[in-house]
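First up is the structure itself, then whatever we jot down about it.
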Amino acid sequence: MDDAKLKSIIEKHDRDPANLLAILMDIQKEERWLPKETLKALAAEMNLPLARVYALATFFAAFSLKPRGKHLCTVCMGTACHVRGAPRLVDHIQREFDVLAGNTTADMKLTLETVNCVGACALGPLVIVDGEYHGNMNAGKMDRVLKPIKQE
Amino acid sequence: MSHEDTPKGAKITFQVDGRACEGFHHESLLGALRRLGFEVPSLCFHEAVSTYGACRLCLVEVQKGRKSRITTSCNFPVTAGLQVRLDTPAVQQNRKIVFQLLLAKAPASPEVRALAAEYGVHSTPYKVSEEAKDNKCILCGLCARVCTEVVGANAIAFSGRGSHKDMVAPYDEAAEACIGCGACVEVCPTHCIGLRETPEIRTIEKWHRDLPLQKCEKCGRPFAPTFQLMTLGKRVGMKLSDFKVCNDCR
Amino acid sequence: MANRIKSVSDLEVYRKKLLAARDPKRKTVAICTSGCTAYGSMKLNTAFREELRRRGLEQKIDIKLTGCHGYCERGPLVVIHPAGIFYQRVKVEDVPQIIERTLLKDELVESLLFKDADGKPCPHEDDVPFYKHQMRVLLANNSRLDPTSLDDYIALGGYQSLAKALSKHTPEALVKLIKDSGLRGRGGGGFPAGVKWESCRKAPSADGVRYIICNADEGDPGAFMDRAVMEGNPHLVLEGMIIGAFAIGHPGDPRGYIYIRNEYPLAVERVGIALQQAREYGLLGKDILGTGFSFDIKVNKGGGAFVCGESTALMASIEGDVGEPRAKHIHTVEQGLYDKPTNLNNVETWANVPLILERGLEWFTGIGTGDVKDNPWGGSKGTKIFALVGKVNNTGLVEVPMGASLRDIIFKIGGGIIGGKKFKAVQTGGPSGGCLPDSLLDMTVDFDKLSEAGSMMGSGGMIVMDESTCMVDVARYFLHFLAEESCGKCVTCREGLVQLCVIVDRICAGQGKAGDLELLEELGNTVADASLCALGQTAPNPLRSTIRYFREEYERHIRDKRCPAKVCKALITFSINDKCTGCTICAKKCPQSCISGEKKKLHTIDQSKCIKCGVCNDVCNFDAVSVE
């Protein structure tokens, strides 16, 4: 992230250390992850300890400290999704794309993540692919949704 | 007068195992107990920094009014009329399990083993994971609190959360903000940080930090990391050139 | 500002003006754009708009994108107002029909109506069993208003309670009203809201600053009540908070925060819009309704941490720190955010406040259990929204009076168990709650009854489980959830949960040992007794309640190395029975390629290669895969 962009994000949040979480969110929105160099620049620009920035970035599950792939597939692991078969869905995608949850395929095509409930419990198991919600999923439907990505 | 109106630090009386004791309003119960000569085990408490409540060893039973409960004493505020009981069966039982958990977390720490043994706990029924085998750190956070609250260097902090929580320098790389003062090494209850020195370099092992040492112009002995002198000097408006000689030669 | 309402009386004038300009007979299509978006409800919106434009009707018929209507199982849901025609499972292809027949000719499209057990079509929400047995108060307007329109809210009587509070009540009288109402916190523990308000009001603050926080970090997996309220009726929450700020912080300097979890982007957006509108109308900010009372609210987004639902962790997060709780020996009403007196309530609690003012004490205390006269702990009053999910036919959001029975909720409203299977348990209270067995189905649901049974109200998740749910696996699920979500500050929670996971993992893997149950119980007790915050203190509840009510199932895992619900992979085997027609689909789909057999002949599974993924069972159309 270039300096001007970073500064504009910091300014948008009034340079207030209390808004660090929101600042990190905005950085991630731009970059899709939190690059080390950007966090170091952020700490220096806001005159904050890097240790504090790193602590926050690693505490919250929303942040990724590794680059994400072109596509993002997030499987909801809420209780309702769990009892309706979400773990098997994750197993299935892991096998199909040869990637473990929390990681990205070697070709950087797909990142597979899990989330602890998105509040669409009546539609479980639920999977979000590139921002689009897909309810009542099973292995077959999953394959259809992910087919275009697989064939890319 | 309700206790909300009592000024902090006002002298009050409270009871420990039925004995009347003097304390100060809203001081740390563990601090008070230690001052009064009671023995309560703890690993994460230090008078110089804020209380944290991580190690869960300083358990006591407290009673205010009719309600009695188990709590850590380090972060429990003393108030007038508080009744404290030290070695109740519930305290002993819970403390035993806390020791067992610590033995599984930091099996390589002689300090943890010795303290547990003092309280009759010699082994753990819990699993020691592969990565814990050589571990001494109990994640009490004293190092980071000293670094932040006393030294003001803010070089280290906890990373991650839950079972992934760890105490590392950012990215587990050399902590650039570390001034090599060694305060963390000093307060660490399990001596797991490590400080090495050659005539030229001081190394803080856990934070991967190597700091060149400043030599005294008079006696020639290395007396402090140059970066430490620069950092602390800046805070009080002094330059590095103001620190040419060690304390002994001054 | 043009829209600014300058006084309490102007609000009523403005409302009358709005009503006069609105034709009560005007047709409106209300489409759920909350959870139903996962069914593609935004495509319905486009289809309706295009079709109306094509017919030149876009000026005559309104489309409202609303919040959740509740009956998620039957989504996407569309309601045609003012007649209140309730259409379910609406597809894009149905749109021309709805316009042609219902909107233009007032006819029903029978194929889109819900049919009850006798096959009788139900044209209105109230005819549908799912809705008939509910008492929808907080959710009542969800299908009637556009959550991005403050005018809609005002037209339905919104902000009248605020006007009343500011003009007819003293702050002290409002605190007393909420205390007398017996309203208890909907976020978990059920602490009486009025008692909290009173303590916060009384707590000294040198500069008069008091913080008013709305906890919208609805982290319990399986719960989405707060999401639905924020996405469907955000002004109801804001109105409650503004009244609360007046009651707790006036005169003085009350300041507000709403802490919304990151996983709810739509709620963040809609609350943001609502705040902006409220400021424009003079309902928020300086000199609210010309009364001299000032209060504003800032939205903070969470970062994906369950523990931030704990009040002190939430406050640490607002301050820009990691969400680690602190011991609450000094309460947050005295020293909370930035060490100032702080009053935190959750979304649903705040949403109740305007209703109590609007309809009065007697109305509110007339709903629910117990007696709260002179004792705010004496009962559970008002309604409660539950997220009814899992293996139940009618999944969705249900709002019932406190004291409804589990059986009524699960069977009358929920329509029983999917596929006619046997009810096994219901999990309430999220990771802090417990699993209740069928022997407790007739239990009435309120704060105290749930606690007595070893569970808790929590925020209102209600996950129904059937005979194919393994209770050891459920306990294992929650323990892993909590081990990951624990902040990791204290040893008992961090290490204790890790070790509980180790033990339960080995039980599920068929390596359970005699004494494991006792070890679980002993460690569970210490995690509960010696942990620092409520997350740790309640973390063993799912484990302890499943051991309490389903001990035999644990013993079967440990002693016989069997999983009666056939869930735990290490304890089950897949085989193909003689129903197999040799269609070969399982062999094709098996990721291990360990199913063999000729076409049209019985297939077999090579057990040495089988990873028990269950794909064969999923794809088989002939029920020919046996799991033992």
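Following the order of the structure tokens, chains are lettered A, B, ..., residues in each are numbered from 1, and ligands are numbered from 1.
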* **At most 6 Å to chain A: residues in chain B, only C-alpha atoms, as a VMD selection string** => chain B and resid 154 to 161 170
Store the residues of this selection in a file with C-alpha atoms, as a PDB file, in the first residue's frame.
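And here's out.pdb as it stands now:
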ATOM      1  CA  ASN B 154       6.503  -1.371  24.234  1.00  0.00           C
ATOM      2  CA  ALA B 155       8.689  -3.846  22.423  1.00  0.00           C
ATOM      3  CA  ILE B 156       6.635  -6.975  23.011  1.00  0.00           C
ATOM      4  CA  ALA B 157       3.031  -8.002  23.467  1.00  0.00           C
ATOM      5  CA  PHE B 158       0.860 -11.079  23.334  1.00  0.00           C
ATOM      6  CA  SER B 159       0.008 -12.317  19.871  1.00  0.00           C
ATOM      7  CA  GLY B 160      -2.933 -14.438  18.809  1.00  0.00           C
ATOM      8  CA  ARG B 161      -5.603 -15.626  21.187  1.00  0.00           C
ATOM      9  CA  PRO B 170       6.254  -8.814  16.479  1.00  0.00           C
TER      10      PRO B 170
END
* Asked: Within 10 Å of chain B, which residues of chain C show up when using only C-alpha atoms, listed as a count of residues only?
  -> 46
* Check every residue of chain A for an atom within 9 Å of chain C, counting only C-alpha atoms, and provide those that qualify as a count of residues only. => 48
Which residues are close to Gln94 in chain A, i.e. within 10 Å by only C-alpha atoms, leaving aside same-chain residues fewer than 6 positions away? Reply as a PDB file with N, CA, C and O atoms, in the first residue's frame.
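Wrote result.pdb, looks like this:
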ATOM      1  N   ARG A  88     -18.366 -31.719   7.221  1.00  0.00           N
ATOM      2  CA  ARG A  88     -18.160 -32.579   6.057  1.00  0.00           C
ATOM      3  C   ARG A  88     -17.999 -31.763   4.781  1.00  0.00           C
ATOM      4  O   ARG A  88     -17.306 -32.153   3.839  1.00  0.00           O
ATOM      5  N   LEU A 100      -5.968 -26.842   2.982  1.00  0.00           N
ATOM      6  CA  LEU A 100      -6.522 -26.945   4.320  1.00  0.00           C
ATOM      7  C   LEU A 100      -7.210 -25.639   4.696  1.00  0.00           C
ATOM      8  O   LEU A 100      -6.766 -24.564   4.279  1.00  0.00           O
ATOM      9  N   ALA A 101      -8.293 -25.736   5.472  1.00  0.00           N
ATOM     10  CA  ALA A 101      -9.018 -24.539   5.903  1.00  0.00           C
ATOM     11  C   ALA A 101      -8.041 -23.566   6.549  1.00  0.00           C
ATOM     12  O   ALA A 101      -7.171 -23.969   7.323  1.00  0.00           O
ATOM     13  N   ASN A 103      -6.106 -21.715   4.664  1.00  0.00           N
ATOM     14  CA  ASN A 103      -4.984 -21.586   3.731  1.00  0.00           C
ATOM     15  C   ASN A 103      -5.468 -21.300   2.311  1.00  0.00           C
ATOM     16  O   ASN A 103      -6.664 -21.300   2.040  1.00  0.00           O
ATOM     17  N   THR A 105      -4.787 -22.138  -1.942  1.00  0.00           N
ATOM     18  CA  THR A 105      -4.241 -23.147  -2.855  1.00  0.00           C
ATOM     19  C   THR A 105      -2.883 -22.690  -3.387  1.00  0.00           C
ATOM     20  O   THR A 105      -2.606 -21.485  -3.444  1.00  0.00           O
ATOM     21  N   LEU A 112      -9.552 -20.911   1.431  1.00  0.00           N
ATOM     22  CA  LEU A 112     -10.657 -21.551   2.155  1.00  0.00           C
ATOM     23  C   LEU A 112     -10.578 -21.113   3.605  1.00  0.00           C
ATOM     24  O   LEU A 112      -9.560 -21.309   4.268  1.00  0.00           O
TER      25      LEU A 112
END
* To do: Give me the residues within 9 Å of Cys21 in chain B as a PyMOL selection string, counting only C-alpha atoms and dropping any in the same chain fewer than 6 places off.
  => chain B and resi 12-15+36
Dump C-alpha atoms for the selected residues as a JSON list (two decimals), in the first residue's frame?
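Okay, result-v9.json is ready:
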[["chain", "number", "residue", "atom", "x", "y", "z"],
["B", 12, "ILE", "CA", -9.81, -0.30, 56.78],
["B", 13, "THR", "CA", -10.05, -3.64, 58.53],
["B", 14, "PHE", "CA", -10.90, -6.98, 57.01],
["B", 15, "GLN", "CA", -10.64, -10.58, 58.15],
["B", 36, "LEU", "CA", 0.61, -9.32, 56.36]]
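Residues lying within 6 Å of Cys216 in chain B, counting only C-alpha atoms and ignoring same-chain neighbours fewer than 5 positions away, are Arg221, Lys244, Val245 and Cys246 of chain B.
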Go ahead and write the selection's residues with C-alpha atoms as a JSON list (two decimals), in the first residue's frame.
[["chain", "number", "residue", "atom", "x", "y", "z"],
["B", 221, "ARG", "CA", 34.09, -1.61, 30.34],
["B", 244, "LYS", "CA", 30.31, 8.63, 27.94],
["B", 245, "VAL", "CA", 31.21, 7.13, 31.26],
["B", 246, "CYS", "CA", 29.70, 4.40, 33.37]]
